[in-house]
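To start, the structure itself, in structure tokens.
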Amino acid sequence: MTCERCNNLNAKLLFLSVFNEQNICVFCKEKEEKHPDYKRAVKEIEKEESNGNYNFKGIGLPSELI
């Protein structure tokens with residue numbers, strides 16, 4: 001599997017980003033979790049899902065994570 005953010009070809013496990021719709025590796029997920037906007041992104045997802053929107057695209061990827 002390949003990480004859609006860092007292009008790691010040997011990613012054994014992928015996660016869905018909370019900022020956008022990318023499938024990301026463990027390393028990129030850990031970087032996301034340390035970002036100051038991480039909690040806000042999670043809260044926005046929860047808010048959208050509670051309103052029935054299960055196709056929320058995220059709040060957008062911060063430039064520091066590109």
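Following the order of the structure tokens, first chain is A, next is B, and so on, with residues numbered from 1 inside each chain and ligands from 1 in the order they appear.
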Residues within 12 Å of range 20-23 of chain A, only C-alpha atoms, excluding chain neighbours under 2 positions, as a count of residues only = 37
ask   = Quick one: DSSP alpha helix (DSSP H) residues in chain A, as a PyMOL selection string?
value = chain A and resi 26-34+38-50
Residues as selected, N, CA, C and O atoms, written as a PDB file, in the first residue's frame, can you do that?
```
ATOM      1  N   VAL A  26       1.316   5.526   9.052  1.00  0.00           N
ATOM      2  CA  VAL A  26       1.435   5.761  10.488  1.00  0.00           C
ATOM      3  C   VAL A  26       2.260   7.018  10.756  1.00  0.00           C
ATOM      4  O   VAL A  26       1.903   7.832  11.614  1.00  0.00           O
ATOM      5  N   PHE A  27       3.363   7.213  10.036  1.00  0.00           N
ATOM      6  CA  PHE A  27       4.216   8.380  10.233  1.00  0.00           C
ATOM      7  C   PHE A  27       3.437   9.675   9.986  1.00  0.00           C
ATOM      8  O   PHE A  27       3.492  10.602  10.788  1.00  0.00           O
ATOM      9  N   CYS A  28       2.693   9.736   8.878  1.00  0.00           N
ATOM     10  CA  CYS A  28       1.908  10.933   8.569  1.00  0.00           C
ATOM     11  C   CYS A  28       0.767  11.124   9.569  1.00  0.00           C
ATOM     12  O   CYS A  28       0.436  12.251   9.926  1.00  0.00           O
ATOM     13  N   LYS A  29       0.183  10.035  10.038  1.00  0.00           N
ATOM     14  CA  LYS A  29      -0.877  10.113  11.052  1.00  0.00           C
ATOM     15  C   LYS A  29      -0.337  10.710  12.349  1.00  0.00           C
ATOM     16  O   LYS A  29      -0.974  11.555  12.972  1.00  0.00           O
ATOM     17  N   GLU A  30       0.857  10.293  12.745  1.00  0.00           N
ATOM     18  CA  GLU A  30       1.468  10.825  13.960  1.00  0.00           C
ATOM     19  C   GLU A  30       1.747  12.317  13.822  1.00  0.00           C
ATOM     20  O   GLU A  30       1.560  13.082  14.769  1.00  0.00           O
ATOM     21  N   LYS A  31       2.183  12.745  12.633  1.00  0.00           N
ATOM     22  CA  LYS A  31       2.406  14.176  12.394  1.00  0.00           C
ATOM     23  C   LYS A  31       1.083  14.941  12.486  1.00  0.00           C
ATOM     24  O   LYS A  31       1.042  16.039  13.049  1.00  0.00           O
ATOM     25  N   GLU A  32       0.018  14.373  11.934  1.00  0.00           N
ATOM     26  CA  GLU A  32      -1.302  15.009  12.017  1.00  0.00           C
ATOM     27  C   GLU A  32      -1.715  15.208  13.472  1.00  0.00           C
ATOM     28  O   GLU A  32      -2.198  16.255  13.847  1.00  0.00           O
ATOM     29  N   GLU A  33      -1.566  14.176  14.267  1.00  0.00           N
ATOM     30  CA  GLU A  33      -2.010  14.215  15.658  1.00  0.00           C
ATOM     31  C   GLU A  33      -1.289  15.271  16.478  1.00  0.00           C
ATOM     32  O   GLU A  33      -1.824  15.750  17.473  1.00  0.00           O
ATOM     33  N   LYS A  34      -0.107  15.678  16.046  1.00  0.00           N
ATOM     34  CA  LYS A  34       0.660  16.702  16.752  1.00  0.00           C
ATOM     35  C   LYS A  34       0.337  18.111  16.251  1.00  0.00           C
ATOM     36  O   LYS A  34       0.760  19.088  16.866  1.00  0.00           O
ATOM     37  N   TYR A  38      -5.508  19.686  14.823  1.00  0.00           N
ATOM     38  CA  TYR A  38      -6.009  18.309  14.814  1.00  0.00           C
ATOM     39  C   TYR A  38      -7.338  18.177  15.561  1.00  0.00           C
ATOM     40  O   TYR A  38      -8.303  17.615  15.030  1.00  0.00           O
ATOM     41  N   LYS A  39      -7.395  18.690  16.780  1.00  0.00           N
ATOM     42  CA  LYS A  39      -8.623  18.550  17.584  1.00  0.00           C
ATOM     43  C   LYS A  39      -9.796  19.254  16.921  1.00  0.00           C
ATOM     44  O   LYS A  39     -10.924  18.767  16.953  1.00  0.00           O
ATOM     45  N   ARG A  40      -9.541  20.401  16.310  1.00  0.00           N
ATOM     46  CA  ARG A  40     -10.610  21.132  15.611  1.00  0.00           C
ATOM     47  C   ARG A  40     -11.114  20.316  14.421  1.00  0.00           C
ATOM     48  O   ARG A  40     -12.319  20.233  14.186  1.00  0.00           O
ATOM     49  N   ALA A  41     -10.199  19.677  13.704  1.00  0.00           N
ATOM     50  CA  ALA A  41     -10.589  18.852  12.560  1.00  0.00           C
ATOM     51  C   ALA A  41     -11.466  17.685  12.997  1.00  0.00           C
ATOM     52  O   ALA A  41     -12.472  17.372  12.355  1.00  0.00           O
ATOM     53  N   VAL A  42     -11.098  17.046  14.097  1.00  0.00           N
ATOM     54  CA  VAL A  42     -11.880  15.921  14.625  1.00  0.00           C
ATOM     55  C   VAL A  42     -13.267  16.397  15.045  1.00  0.00           C
ATOM     56  O   VAL A  42     -14.278  15.752  14.749  1.00  0.00           O
ATOM     57  N   LYS A  43     -13.335  17.548  15.715  1.00  0.00           N
ATOM     58  CA  LYS A  43     -14.631  18.086  16.151  1.00  0.00           C
ATOM     59  C   LYS A  43     -15.532  18.415  14.966  1.00  0.00           C
ATOM     60  O   LYS A  43     -16.743  18.191  15.017  1.00  0.00           O
ATOM     61  N   GLU A  44     -14.951  18.931  13.886  1.00  0.00           N
ATOM     62  CA  GLU A  44     -15.739  19.238  12.684  1.00  0.00           C
ATOM     63  C   GLU A  44     -16.293  17.966  12.056  1.00  0.00           C
ATOM     64  O   GLU A  44     -17.438  17.937  11.603  1.00  0.00           O
ATOM     65  N   ILE A  45     -15.494  16.916  12.025  1.00  0.00           N
ATOM     66  CA  ILE A  45     -15.969  15.630  11.501  1.00  0.00           C
ATOM     67  C   ILE A  45     -17.139  15.136  12.350  1.00  0.00           C
ATOM     68  O   ILE A  45     -18.172  14.720  11.819  1.00  0.00           O
ATOM     69  N   GLU A  46     -16.977  15.169  13.663  1.00  0.00           N
ATOM     70  CA  GLU A  46     -18.044  14.710  14.569  1.00  0.00           C
ATOM     71  C   GLU A  46     -19.310  15.532  14.382  1.00  0.00           C
ATOM     72  O   GLU A  46     -20.413  14.986  14.374  1.00  0.00           O
ATOM     73  N   LYS A  47     -19.159  16.837  14.229  1.00  0.00           N
ATOM     74  CA  LYS A  47     -20.312  17.719  14.020  1.00  0.00           C
ATOM     75  C   LYS A  47     -21.038  17.375  12.725  1.00  0.00           C
ATOM     76  O   LYS A  47     -22.265  17.250  12.700  1.00  0.00           O
ATOM     77  N   GLU A  48     -20.286  17.213  11.664  1.00  0.00           N
ATOM     78  CA  GLU A  48     -20.888  16.887  10.366  1.00  0.00           C
ATOM     79  C   GLU A  48     -21.599  15.533  10.414  1.00  0.00           C
ATOM     80  O   GLU A  48     -22.696  15.386   9.890  1.00  0.00           O
ATOM     81  N   GLU A  49     -20.956  14.551  11.028  1.00  0.00           N
ATOM     82  CA  GLU A  49     -21.571  13.227  11.120  1.00  0.00           C
ATOM     83  C   GLU A  49     -22.834  13.245  11.975  1.00  0.00           C
ATOM     84  O   GLU A  49     -23.791  12.549  11.668  1.00  0.00           O
ATOM     85  N   SER A  50     -22.841  14.057  13.024  1.00  0.00           N
ATOM     86  CA  SER A  50     -24.037  14.137  13.858  1.00  0.00           C
ATOM     87  C   SER A  50     -25.196  14.790  13.105  1.00  0.00           C
ATOM     88  O   SER A  50     -26.358  14.572  13.435  1.00  0.00           O
TER      89      SER A  50
END
```
request  = Quick one: pick out all strand (DSSP E or B) residues within chain A from a backbone DSSP run and write them as a list in words.
outcome  =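 Those residues are Phe15, Leu16, Asn23 and Ile24 of chain A.
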Could you write out the selected residues, including N, CA, C and O atoms, as a tab-separated table (two decimals), in the first residue's frame?
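The result, written out as again-v6.tsv:
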```tsv
chain	number	residue	atom	x	y	z
A	15	PHE	N	-4.43	5.03	7.25
A	15	PHE	CA	-5.50	5.68	8.01
A	15	PHE	C	-6.10	6.78	7.14
A	15	PHE	O	-5.41	7.36	6.31
A	16	LEU	N	-7.34	7.12	7.39
A	16	LEU	CA	-7.95	8.24	6.70
A	16	LEU	C	-7.59	9.52	7.45
A	16	LEU	O	-7.77	9.61	8.66
A	23	ASN	N	-5.48	8.73	2.22
A	23	ASN	CA	-5.11	7.58	3.01
A	23	ASN	C	-3.64	7.75	3.35
A	23	ASN	O	-2.80	7.86	2.46
A	24	ILE	N	-3.33	7.79	4.66
A	24	ILE	CA	-1.98	8.12	5.09
A	24	ILE	C	-1.38	7.03	5.97
A	24	ILE	O	-2.08	6.26	6.61
```
